[in-house]
$ cat final-v1.cif   # mmCIF, C-alpha atoms
data_model
loop_
_atom_site.group_PDB
_atom_site.id
_atom_site.type_symbol
_atom_site.label_atom_id
_atom_site.label_comp_id
_atom_site.auth_asym_id
_atom_site.auth_seq_id
_atom_site.Cartn_x
_atom_site.Cartn_y
_atom_site.Cartn_z
ATOM 1 C CA MET N 1 26.819 -26.219 11.838
ATOM 2 C CA THR N 2 25.138 -23.872 9.400
ATOM 3 C CA ASP N 3 26.320 -22.849 5.974
ATOM 4 C CA VAL N 4 28.099 -19.521 5.977
ATOM 5 C CA VAL N 5 26.482 -16.845 3.859
ATOM 6 C CA ALA N 6 28.821 -13.952 3.157
ATOM 7 C CA CYS N 7 27.520 -10.546 4.158
ATOM 8 C CA ASP N 8 28.683 -6.983 3.636
ATOM 9 C CA ALA N 9 27.137 -5.629 6.846
ATOM 10 C CA GLU N 10 25.557 -7.012 10.010
ATOM 11 C CA LEU N 11 22.756 -5.661 12.165
ATOM 12 C CA ASP N 12 21.991 -7.019 15.624
ATOM 13 C CA ALA N 13 18.352 -6.273 16.414
ATOM 14 C CA SER N 14 18.144 -8.767 19.287
ATOM 15 C CA GLY N 15 15.760 -7.727 22.040
ATOM 16 C CA LEU N 16 13.878 -5.290 19.814
ATOM 17 C CA ASN N 17 10.194 -5.753 19.100
ATOM 18 C CA CYS N 18 8.298 -5.161 15.867
ATOM 19 C CA PRO N 19 8.672 -3.026 13.901
ATOM 20 C CA LEU N 20 12.113 -1.925 15.115
ATOM 21 C CA PRO N 21 14.189 -4.776 13.603
ATOM 22 C CA LEU N 22 12.705 -4.024 10.189
ATOM 23 C CA LEU N 23 13.068 -0.247 10.520
ATOM 24 C CA LYS N 24 16.722 -0.594 11.506
ATOM 25 C CA ALA N 25 17.285 -3.013 8.608
ATOM 26 C CA LYS N 26 15.743 -0.516 6.159
ATOM 27 C CA LEU N 27 18.077 2.235 7.400
ATOM 28 C CA GLU N 28 21.080 -0.063 7.121
ATOM 29 C CA LEU N 29 20.115 -1.174 3.602
ATOM 30 C CA ASN N 30 19.888 2.483 2.543
ATOM 31 C CA ARG N 31 23.602 2.834 3.321
ATOM 32 C CA LEU N 32 24.606 -0.208 1.281
ATOM 33 C CA ALA N 33 25.286 -0.496 -2.426
ATOM 34 C CA SER N 34 22.949 -2.441 -4.686
ATOM 35 C CA GLY N 35 23.760 -6.157 -4.507
ATOM 36 C CA ALA N 36 25.230 -5.920 -0.997
ATOM 37 C CA VAL N 37 24.053 -8.443 1.598
ATOM 38 C CA LEU N 38 22.863 -7.419 5.054
ATOM 39 C CA LYS N 39 22.703 -10.015 7.819
ATOM 40 C CA VAL N 40 20.094 -9.256 10.477
ATOM 41 C CA THR N 41 19.807 -11.031 13.822
ATOM 42 C CA ALA N 42 16.497 -10.658 15.664
ATOM 43 C CA THR N 43 14.668 -12.294 18.564
ATOM 44 C CA ASP N 44 11.124 -11.180 17.710
ATOM 45 C CA ALA N 45 9.131 -14.057 16.193
ATOM 46 C CA GLY N 46 7.036 -11.538 14.258
ATOM 47 C CA SER N 47 10.133 -10.548 12.330
ATOM 48 C CA GLN N 48 9.752 -13.626 10.092
ATOM 49 C CA ARG N 49 6.523 -12.333 8.601
ATOM 50 C CA ASP N 50 7.891 -8.785 8.433
ATOM 51 C CA PHE N 51 11.124 -9.623 6.629
ATOM 52 C CA ARG N 52 9.431 -11.921 4.114
ATOM 53 C CA ALA N 53 6.840 -9.272 3.243
ATOM 54 C CA PHE N 54 9.416 -6.470 3.185
ATOM 55 C CA ALA N 55 11.716 -8.361 0.803
ATOM 56 C CA ARG N 56 8.827 -9.152 -1.527
ATOM 57 C CA LEU N 57 7.392 -5.615 -1.513
ATOM 58 C CA ALA N 58 10.703 -3.745 -1.701
ATOM 59 C CA GLY N 59 12.210 -6.054 -4.319
ATOM 60 C CA HIS N 60 15.130 -7.184 -2.163
ATOM 61 C CA GLU N 61 16.148 -10.848 -2.162
ATOM 62 C CA LEU N 62 15.783 -12.766 1.089
ATOM 63 C CA VAL N 63 18.827 -14.932 0.397
ATOM 64 C CA ARG N 64 18.427 -17.044 3.511
ATOM 65 C CA GLU N 65 16.590 -17.152 6.804
ATOM 66 C CA GLU N 66 17.136 -19.397 9.784
ATOM 67 C CA GLU N 67 15.847 -19.818 13.310
ATOM 68 C CA GLN N 68 17.764 -21.399 16.129
ATOM 69 C CA GLY N 69 16.676 -21.331 19.755
ATOM 70 C CA GLY N 70 14.414 -18.320 19.316
ATOM 71 C CA VAL N 71 17.040 -16.332 17.402
ATOM 72 C CA PHE N 72 16.147 -15.410 13.830
ATOM 73 C CA ARG N 73 18.735 -14.575 11.179
ATOM 74 C CA TYR N 74 18.052 -13.059 7.779
ATOM 75 C CA TRP N 75 20.326 -12.344 4.850
ATOM 76 C CA LEU N 76 18.907 -9.662 2.567
ATOM 77 C CA ARG N 77 20.467 -8.767 -0.782
ATOM 78 C CA LYS N 78 19.733 -5.180 -1.649
ATOM 79 C CA ALA N 79 17.896 -4.662 -4.939
#

$ encode --input "final-v1.cif" --output "structure tokens"
Amino acid sequence: MTDVVACDAELDASGLNCPLPLLKAKLELNRLASGAVLKVTATDAGSQRDFRAFARLAGHELVREEEQGGVFRYWLRKA
């Protein structure tokens, strides 16, 4: 059982390959207010590197990330 992290919006990017999960997350974040949390679900292992770098470069907070059975989940708080 994992801790529940509240989110304001969810994006399912399962089955998409780089860079699509990140591009879709960027578009979704643009719609959200500052401080809102977006939960992203992805199945591309490369998304780990992408989301970490994106959060650092764009100034968003990667609140949490987890991997379970090849499914990656990210919670991003919009800057």

$ closest_residue --input "final-v1.cif" --among "N:Arg73, N:Arg64, N:Arg56, N:Lys39" --to "Glu10 (chain N)" --atoms "all atoms listed in the file"
N:Lys39

$ residues_around --input "final-v1.cif" --residues "Val5 (chain N)" --least-positions-apart "5" --cutoff "12 Å" --atoms "all atoms listed in the file" --output "ChimeraX atom specification"
/N:10,37-40,62-66,73-77

$ residues_near_point --input "final-v1.cif" --point "(20.2, -8.2, 14.4)" --cutoff "7 Å" --atoms "all atoms listed in the file" --output "list in words"
Leu11, Asp12, Ala13, Ser14, Pro21, Val40, Thr41 and Ala42 of chain N

$ closest_residue --input "final-v1.cif" --among "N:Leu57, N:Cys18, N:Ala9, N:Val4" --to "Arg31 (chain N)" --atoms "only C-alpha atoms"
N:Ala9

$ axis_aligned_box --input "final-v1.cif" --around "region 54-67 of chain N" --padding-each-side "8 Å" --output "lines of an AutoDock Vina configuration file"
center_x = 13.1
center_y = -11.8
center_z = 4.5
size_x = 27.4
size_y = 32.1
size_z = 33.6

$ atom_distance --input "final-v1.cif" --atom1 "CA of Lys24 (chain N)" --atom2 "CA of Ser47 (chain N)"
12.0 Å

$ residues_near_point --input "final-v1.cif" --point "(7.0, -12.1, 13.3)" --cutoff "12 Å" --atoms "only C-alpha atoms" --output "ChimeraX atom specification"
/N:16-22,42-54,67,70-72

$ atom_distance --input "final-v1.cif" --atom1 "CA of Leu27 (chain N)" --atom2 "CA of Ala79 (chain N)"
14.1 Å

$ atom_distance --input "final-v1.cif" --atom1 "CA of Asn30 (chain N)" --atom2 "CA of Cys7 (chain N)"
15.2 Å

$ resolve_selection --input "final-v1.cif" --expression "the PyMOL selection byres ((chain N and resi 35) around 6)" --output "list in words"
Ser34, Ala36, Arg77 and Lys78 of chain N
